[in-house]
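Asker: I have a structure here, written as structure tokens, and I will follow up with some questions on it.
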Amino acid sequence: MPKLIKKRSRKAGLPPGTPVHIGEKKTEKIKITLYEYDEVNFQEKELENLEECFSAKGVPTVTWVNIDGVHEERILQKLGDCFKLHPLVLEDILNTDQRPKMEEYGEDLFVVLKALTYNEQRDEISAEQISLILRSNSVMSFREKDSEILAPIREQIRSGKGRLRKMGADYLAYALMDIIVDHYFLILEKLGEKIEFLEEKLVADPTASTLQKIQKIKKEMIFLRKWTWPLREVLNRLERGESVHVREGTRIFLRDVYDHTIQVIETIETFREMLAEMMDIYLSSLNNRMNAVMKVLTIIATIFMPLTFIAGVYGMNFKNIPELEWRWGYPMVLLLMVLIAVFMLFSFRKKRWF
Amino acid sequence: MPKLIKKRSRKAGLPPGTPVHIGEKKTEKIKITLYEYDEVNFQEKELENLEECFSAKGVPTVTWVNIDGVHEERILQKLGDCFKLHPLVLEDILNTDQRPKMEEYGEDLFVVLKALTYNEQRDEISAEQISLILRSNSVMSFREKDSEILAPIREQIRSGKGRLRKMGADYLAYALMDIIVDHYFLILEKLGEKIEFLEEKLVADPTASTLQKIQKIKKEMIFLRKWTWPLREVLNRLERGESVHVREGTRIFLRDVYDHTIQVIETIETFREMLAEMMDIYLSSLNNRMNAVMKVLTIIATIFMPLTFIAGVYGMNFKNIPELEWRWGYPMVLLLMVLIAVFMLFSFRKKRWF
Amino acid sequence: MPKLIKKRSRKAGLPPGTPVHIGEKKTEKIKITLYEYDEVNFQEKELENLEECFSAKGVPTVTWVNIDGVHEERILQKLGDCFKLHPLVLEDILNTDQRPKMEEYGEDLFVVLKALTYNEQRDEISAEQISLILRSNSVMSFREKDSEILAPIREQIRSGKGRLRKMGADYLAYALMDIIVDHYFLILEKLGEKIEFLEEKLVADPTASTLQKIQKIKKEMIFLRKWTWPLREVLNRLERGESVHVREGTRIFLRDVYDHTIQVIETIETFREMLAEMMDIYLSSLNNRMNAVMKVLTIIATIFMPLTFIAGVYGMNFKNIPELEWRWGYPMVLLLMVLIAVFMLFSFRKKRWF
Amino acid sequence: MPKLIKKRSRKAGLPPGTPVHIGEKKTEKIKITLYEYDEVNFQEKELENLEECFSAKGVPTVTWVNIDGVHEERILQKLGDCFKLHPLVLEDILNTDQRPKMEEYGEDLFVVLKALTYNEQRDEISAEQISLILRSNSVMSFREKDSEILAPIREQIRSGKGRLRKMGADYLAYALMDIIVDHYFLILEKLGEKIEFLEEKLVADPTASTLQKIQKIKKEMIFLRKWTWPLREVLNRLERGESVHVREGTRIFLRDVYDHTIQVIETIETFREMLAEMMDIYLSSLNNRMNAVMKVLTIIATIFMPLTFIAGVYGMNFKNIPELEWRWGYPMVLLLMVLIAVFMLFSFRKKRWF
Amino acid sequence: MPKLIKKRSRKAGLPPGTPVHIGEKKTEKIKITLYEYDEVNFQEKELENLEECFSAKGVPTVTWVNIDGVHEERILQKLGDCFKLHPLVLEDILNTDQRPKMEEYGEDLFVVLKALTYNEQRDEISAEQISLILRSNSVMSFREKDSEILAPIREQIRSGKGRLRKMGADYLAYALMDIIVDHYFLILEKLGEKIEFLEEKLVADPTASTLQKIQKIKKEMIFLRKWTWPLREVLNRLERGESVHVREGTRIFLRDVYDHTIQVIETIETFREMLAEMMDIYLSSLNNRMNAVMKVLTIIATIFMPLTFIAGVYGMNFKNIPELEWRWGYPMVLLLMVLIAVFMLFSFRKKRWF
């Protein structure tokens with residue numbers, strides 16, 4: 001489960017635009033990969049020292065700089081200087097507790113997204129922040145770690161299959177966003193299966209552990225919602241073409257991602273409604289069972305209390321209890337008891353208690 | 001009950017616009033039917049191989065191409081090539097887990113709808129996705145299977161009755177949407193009857209099974225809502241005449257469907273409120289019954305516990321209990337017991353416990 | 001209580017604009033009354049055959065055609081032809097399960113409203129659909145039956161009192177809407193009295209029947225809301241002068257009806273909040289009573305169980321129980337029992353259980 | 001507590017614009033006071049007969065006509081004629097069950113407000129409707145009764161202190177609205193104190209009477225909200241300068257009242273949230289106590305039922321019960337009982353039941 | 001915990017614009033500090049008497065006047081005169097029960113904010129109102145007391161580090177707002193930790209005290225929300241550049257604070273949802289435990305009541321009970337009892353009661 005909020009106390013009181021990393025501490029080396037391509041050419045290299053970076057600028061083909069890791073403030077600062085990033089952009093890239101957003105800084109289009117994957121071992125959603133910067137001929141992407149989520153894009157560039165190599169930097173940015181949103185569906189599929197499983201369990205045999213699982217998913221939904229809702233506005237603004245770097249032809253694709261985002265959001269809402277229903281079902285089944293338990297208790301008590309009382313009466317040691325001397329006293333009392341029990345059972349039956 | 005979300009894992013990582021079928025696997029052959037008509041002429045043929053398709057284009061009369069089945073990617077790809085459909089349109093047609101939407105791709109107006117029918121055998125709503133493409137003189141409709149829902153339109157074209165043959169392709173598209181929305185009312189009628197039946201049962205004899213039925217309908221409402229809400233915007237945009245293919249005269253009819261959609265949505269909301277009320281009624285009646293059960297238990301215990309205690313006292317084996325020797329000891333104790341019981345009953349009566 | 005939805009299965013599959021009556025079947029003859037008036041002249045006649053209808057058109061004075069009953073499709077169709085009504089308008093007039101709305105069909109302004117009256121015998125709200133068509137010099141009104149709700153307007157026309165005879169057809173349409181909205185206040189007055197009565201009962205003596213009455217009113221609120229909410233938009237659009245037939249001077253009056261509608265809606269919302277509060281009060285009083293019942297049971301059990309146990313111990317038949325031989329054994333045990341009872345009562349008192 | 005809705009049955013069916021008093025019947029004489037002032041002059045007189053009224057019109061200084069009492073239709077009608085009020089304005093003034101609103105009738109700006117005061121004796125909020133009419137040089141104010149709420153304004157005019165005498169009629173209208181809104185804060189202060197007191201009581205000793213008090217305030221909140229929400233729009237429209245009579249310099253003051261209104265509304269919402277929290281706290285404390293009661297009962301029953309059973313076994317009269325003959329039979333049984341009791345207590349302790 | 005509303009009864013009836021202090025009474029002397037700086041020069045002085053104030057006006061460098069304490073009406077009035085503040089501005093500065101807002105008074109931009117700090121000793125949030133006035137070359141800030149929240153800004157000015165000394169008065173105003181919003185994150189961090197701690201406790205061992213802590217945080221959330229929501233609009237309007245004093249270059253920074261505010265608001269909403277979930281978990285665990293308690297009681301009663309009854313029967317003193325004479329009577333009855341107990345336990349096991 002993600003932390004509710006990440007520590008940012010270190011940052012309080014520093015002047016705005018100071019690059020401070022907020023998020024999980026990591027020790028891996030930051031990996032910077034440069035892809036340069038057009039329809040015919042393709043080149044990929046890992047940047048060892050940042051001086052190479054400078055030579056990459058100004059190339060007419062599309063350039064993609066992918067940075068895996070944002071935990072070393074010094075390196076990021078250097079990158080920022082080298083690519084002339086606005087201090088606030090750099091600050092936001094380092095702060096991995098951002099909400100998804102889109103902002104324009106002069107020529108630069110800056111987009112922050114949350115990439116979600118399902119961690120099977122820990123049985124929970126893990127979120128990673130991905131920041132994109134789109135310029136006229138280049139895209140920069142900053143990720144928290146080196147995960148496999150963007151691998152298909154790398155493959156498409158390398159192989160030259162699909163539309164990607166034929167299009168500009170804006171299409172690359174679109175493709176990156178598209179693959180991130182596509183992964184949301186995988187998460188939803190996983191959760192959908194869980195919900196359907198829990199739903200069946202709820203009817204068959206509702207236990208406290210079923211309830212706990214429902215509540216765990218409800219909590220995950222809160223986070224899912226937090227990460228996807230703002231995306232709607234981000235993509236809507238991109239699709240409406242607020243940015244100069246997004247070409248007419250790419251807009252139709254952005255509309256498609258926008259549409260997917262809305263579908264993701266609506267599915268989340270449906271899941272939430274389903275889970276709320278399931279909570280209702282659980283609680284009313286709990287009430288029903290409580291009712292049943294109470295009825296058993298009441299039936300037992302109502303039958304045996306009068307009988308025990310009668311037995312008590314004839315267990316008294318008064319000298320002078322005439323019934324005790326009767327010949328048929330004992331059988332008659334037994335008969336009386338049976339009659340009372342039958343009458344009680346009959347009246348419960350009439351009240352439909354069992 | 002529909003799946004919460006359809007499997008789309010197969011698709012993750014593929015380049016956008018790749019046609020992948022998402023939905024129930026089917027083995028039926030895809031059926032393509034071509035209708036060409038104007039006020040006087042009418043021609044209907046089933047297309048066996050797709051080459052014929054080409055000749056259909058460019059005919060001045062209205063052309064309706066109806067495709068029943070979207071589960072064979074190869075055929076759909078061919079159709080897409082032959083009718084020059086945008087890759088994203090094709091992708092959406094194949095993905096039967098779309099939300100209702102309207103999009104324009106250049107000249108093409110692309111509309112996705114959910115057609116609902118009531119499956120009497122399985123006693124549940126079954127949903128089918130219908131995609132429409134409207135061009136200046138033609139309409140293409142893609143359906144998941146060959147159901148009877150569009151049959152009346154076919155009949156109107158064949159017989160030439162009504163306005164349909166006299167109007168253009170936009171009116172045909174309207175007629176298709178109108179019949180889909182009209183079917184929503186049939187679903188609502190069915191659900192309305194069920195709700196009214198359950199409401200009466202709830203007053204007469206509320207059981208756990210009544211509750212389960214209420215919750216089943218509540219769940220169906222979640223889906224109904226999901227499928228109809230977006231329609232509101234789709235039809236509103238069509239009615240306002242955002243598309244060039246929709247003629248002035250058809251707009252008044254689209255406003256009518258729009259109006260129906262709003263009525264459908266409002267009825268769904270009314271149903272939801274009714275069901276929420278019914279849940280409240282069920283729960284409060286459960287509480288009332290619990291209260292009644294508890295009162296019975298308390299009355300019984302409060303009367304018999306003191307009596308049994310008294311009987312117990314005179315059942316003690318102390319040597320020296322003077323009352324046991326009294327002549328009228330036994331009758332006096334019995335009288336005392338009756339007095340206690342009467343007093344208890346009287347005080348419960350005063351508390352209005354029965 | 002109104003049906004949740006009226007049967008419209010008959011209609012499914014028919015071409016749009018086919019006039020089909022949806023609503024309660026009736027056998028009364030449809031009554032058509034024609035009123036023609038200006039400031040000095042006034043004429044009223046009941047139309048026997050529809051040919052007369054034609055002569056009425058084109059008269060310079062204001063013409064009001066009132067049709068009581070929409071259940072005979074044939075007559076309505078004739079009327080529609082004779083007054084050149086749009087097929088969709090006719091279809092909507094016949095369908096008495098419409099939501100309030102306003103639409104323009106060319107020159108015609110078409111308004112659908114729900115007139116509400118309180119049926120004292122059946123102790124429920126009864127709703128009737130009234131459709132109005134406003135043209136430059138005439139108003140047509142279609143009602144489900146011949147009720148008394150519009151009688152004051154008829155009287156004002158006949159007597160010539162008030163502003164009505166001096167104004168145009170738009171003012172007549174306003175006057176009809178105004179009287180319909182005024183009746184909403186009568187309904188709200190009735191419901192308000194009921195709610196206040198129930199509120200007092202809830203404090204004095206809450207029973208399950210009080211709850212049922214609250215829930216009945218809550219259900220009526222759902223319908224009231226459904227019928228009045230859309231009116232807000234209808235009147236707002238009329239007041240803003242979207243229609244050409246509404247003169248400047250009448251607009252100020254329409255603003256007044258609009259204002260009344262908002263007040264009706266706000267009162268409904270207030271009632272709903274009150275009823276929700278009352279449900280809360282009922283449920284918490286139920287909980288309080290349950291608590292009280294449980295306390296009685298627990299007090300009784302906690303006092304008598306230990307005492308009965310002690311009595312049981314000295315009722316055992318062991319040969320060798322020394323206490324039984326003691327001279328003061330019996331009184332001492334009685335004393336012990338009294339002490340235990342007093343101690344228990346004292347500790348409950350301390351816990352504020354009674 | 002105010003009535004949910006005031007009787008207006010008298011009015012149904014009357015032509016619009018007929019002045020009918022709706023509200024509490026009163027017998028006091030209506031009091032009409034005329035104030036005329038500019039920076040140097042000031043004159044105040046009580047109008048005995050309405051002819052004087054006419055002479056007041058047309059004076060270049062600011063004129064304030066204050067009418068205390070709207071329950072005599074005849075006098076109000078005369079006033080309306082004399083000041084040429086629109087019939088709908090007059091109707092609204094007489095109807096004391098209006099919602100706050102602002103309307104323009106030609107030159108006249110018509111504002112309806114609710115003035116609230118706290119009735120200490122009856123311990124409830126009492127509301128009074130105040131209608132204002134602003135013209136270029138004059139303000140008319142209509143009140144239900146002669147209360148002290150506007151007294152400070154009168155004093156400011158008389159004494160000439162403050163800005164009031166230097167400004168125009170629009171500032172006077174502002175000052176009247178300002179003092180009404182200022183009184184809302186007094187009401188909120190009163191309610192805030194009550195809520196804080198109840199909050200403390202809820203923690204210390206929650207009783208059914210605490211709950212009743214919470215619910216009473218919740219109900220008052222419903223009315224407060226109803227009376228203040230529409231004010232937001234009224235003042236927003238005034239501030240934005242929709243009316244010609246409101247001068248530029250006064251607008252900055254109207255913005256201030258608008259700001260106060262928003263603060264009132266937000267405080268009401270905060271109170272509502274607090275009260276909802278308090279309901280939650282009450283209910284969960286009720287549940288907790290129920291739980292505690294049940295535990296006591298269960299502990300007692302679980303300890304004494306087995307013991308009583310054992311005593312019962314050795315109270316049986318079988319000839320042949322060997323234990324009864326044992327020498328240490330009685331002490332051993334007592335020991336057994338103690339062991340059982342200790343074991344039970346121990347296991348409850350482990351379950352943390354006490 | 002802050003008061004729900006601060007006393008303002010003193011103010012009722014006074015003319016608008018009268019400076020009246022509303023808030024906590026204090027006795028400290030008001031401290032006025034003047035900072036004058038540009039990129040090279042810096043001067044700081046504490047103002048002893050207000051005559052100095054005048055000389056400060058008109059200096060070309062940036063001027064920051066910071067006033068610590070607003071509880072002395074006389075001094076504030078003098079300041080207002082000396083800086084020509086609008087009476088309504090002065091009134092608002094003195095009233096520490098304002099909602100966050102932004103208003104323009106001619107040239108002056110007036111902003112009210114709430115600065116929040118966490119009071120560790122009293123374990124609660126303490127709020128302080130900060131009012132800012134931005135003019136072309138100067139900023140005035142009014143605070144309730146001399147707290148450390150603005151200290152970093154003072155340090156940045158003194159040391160000349162960062163961007164602050166190079167920019168204008170608008171950047172200073174931004175920096176003040178930024179540091180206030182940054183402190184909200186510290187509060188949220190604190191609350192987030194508490195919520196996570198409570199969440200773990202809720203699973204491990206839910207007690208009534210856990211519930212009380214949850215409800216305390218819920219209450220704090222109500223206030224946090226009240227203080228931060230309006231900020232959204234304030235910063236949005238500032239960012240959109242509604243004010244003339246905000247230069248183009250500063251706007252990008254204001255967008256950053258705006259973004260932080262949205263993040264604060266969204267985090268608050270997430271916290272609220274989490275807390276609502278936690279309440280649900282608590283209540284359902286309470287229900288579960290109640291259920292468990294009831295089951296224990298019912299199991300015990302259902303087993304021992306029949307057994308005690310049987311023992312009672314053979315404890316009766318009838319002369320003629322044949323079983324009592326049987327040789328194996330006692331063991332057979334014991335066996336019967338064991339069989340009944342086993343059967344009962346078995347049937348409870350089948351019902352999954354334990």
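Within each chain, counting starts at residue 1; across the structure tokens, chains are named A, B, ... in the order shown, with ligands numbered 1 upward in that order.
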Would you mind writing down, as a ChimeraX atom specification, each residue of segment 26-117 of chain E that DSSP on the backbone assigns to strand (DSSP E)?

Answerer: /E:31-37,42-47,62-68,101-105,108-117

Asker: Find the residues around Ser159 of chain B up to 12 Å (only C-alpha atoms counted), leave out those fewer than 5 positions away in its own chain, and share them as a list in words.

Answerer: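 The residues satisfying every condition are Tyr37, Glu39, Val40, Asn41, Phe42, Gln43, Pro152, Ile153, Arg154, Leu164 and Arg165 of chain B.
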
Asker: Under the rule of at most 12 Å, produce a per-residue listing of chain C near chain A: chain, number, name, the closest pair of atoms, and the distance in Å, as a tab-separated table, using only C-alpha atoms.

Answerer:
```
residue	atom	partner	partner_atom	distance
C:Met294	CA	A:Met294	CA	12.0
C:Leu297	CA	A:Thr298	CA	11.9
C:Thr308	CA	A:Gly312	CA	10.6
C:Ala311	CA	A:Gly312	CA	10.8
C:Gly312	CA	A:Gly312	CA	9.9
C:Tyr314	CA	A:Met316	CA	12.0
C:Gly315	CA	A:Gly315	CA	8.9
C:Met316	CA	A:Gly315	CA	11.1
C:Asn317	CA	A:Gly315	CA	11.9
```

Asker: Residues within 12 Å of Arg143 of chain A, please, as a PyMOL selection string. Count only C-alpha atoms; anything in the same chain fewer than 2 positions from it doesn't count.

Answerer: chain A and resi 30-33+65-71+76+93-96+112-115+127-133+140-141+145-150+176

Asker: What residues in segment 139-340 of chain D get the DSSP label helix (DSSP H, G or I)? Please answer as an MDAnalysis selection string.

Answerer: chainID D and resid 151:159 164:166 169:204 208:239 248:313 322:325 329:340

Asker: What's around Val246 of chain E at 10 Å? Count only C-alpha atoms, leave out sequence neighbours fewer than 3 positions away in its own chain, and write the answer as a list in words.

Answerer: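 Residues meeting the cut-off are Leu109, Leu134, Arg135, Ser136, Gly168, Ala169, Asp170, Tyr171, Ala173, Tyr174, Leu238, Glu239, Arg240, Gly241, Glu242, Ser243, Gly249, Thr250, Arg251 and Leu254 of chain E.
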
Asker: Give me the residues within 10 Å of Gly192 of chain A as a PyMOL selection string, counting only C-alpha atoms and dropping any in the same chain fewer than 2 places off.

Answerer: (chain A and resi 185-190+194-198+267-268+271) or (chain B and resi 3-7)

Asker: What is the atom CA of Phe346 of chain C to atom CA of Leu334 of chain C distance in Å?

Answerer: 18.3 Å

Asker: Considering only C-alpha atoms, return as a PyMOL selection string whatever protein or nucleic-acid residues lie within 8 Å of Thr270 of chain E, sequence-local ones (same chain, fewer than 4 positions apart) excluded.

Answerer: (chain A and resi 222-223+226) or (chain E and resi 266+274)

Asker: Kindly save the residues from that selection, with N, CA, C and O atoms included, as a short mmCIF file (atom, residue, chain, number, x, y, z; two decimals), in the first residue's frame.

Answerer:
```cif
data_model
loop_
_atom_site.label_atom_id
_atom_site.label_comp_id
_atom_site.auth_asym_id
_atom_site.auth_seq_id
_atom_site.Cartn_x
_atom_site.Cartn_y
_atom_site.Cartn_z
N ILE A 222 -9.29 4.16 -3.54
CA ILE A 222 -9.06 5.56 -3.20
C ILE A 222 -7.81 6.09 -3.89
O ILE A 222 -7.80 7.17 -4.47
N PHE A 223 -6.76 5.25 -3.89
CA PHE A 223 -5.51 5.69 -4.52
C PHE A 223 -5.61 5.70 -6.04
O PHE A 223 -5.17 6.64 -6.70
N LYS A 226 -7.32 8.75 -7.07
CA LYS A 226 -6.49 9.93 -6.89
C LYS A 226 -5.50 10.08 -8.06
O LYS A 226 -5.17 11.18 -8.47
N GLU E 266 -6.53 17.75 -2.36
CA GLU E 266 -6.76 16.35 -2.73
C GLU E 266 -6.31 15.40 -1.63
O GLU E 266 -6.94 14.38 -1.37
N MET E 274 -10.17 7.92 3.73
CA MET E 274 -9.53 6.91 4.56
C MET E 274 -10.20 6.83 5.92
O MET E 274 -10.47 5.74 6.44
#
```

Asker: What's the 10 Å shell around Ile281 of chain E, counting only C-alpha atoms, without same-chain residues fewer than 2 positions away, as a PyMOL selection string?

Answerer: (chain A and resi 211-212+215) or (chain E and resi 199+202-203+206+275-279+283-287)
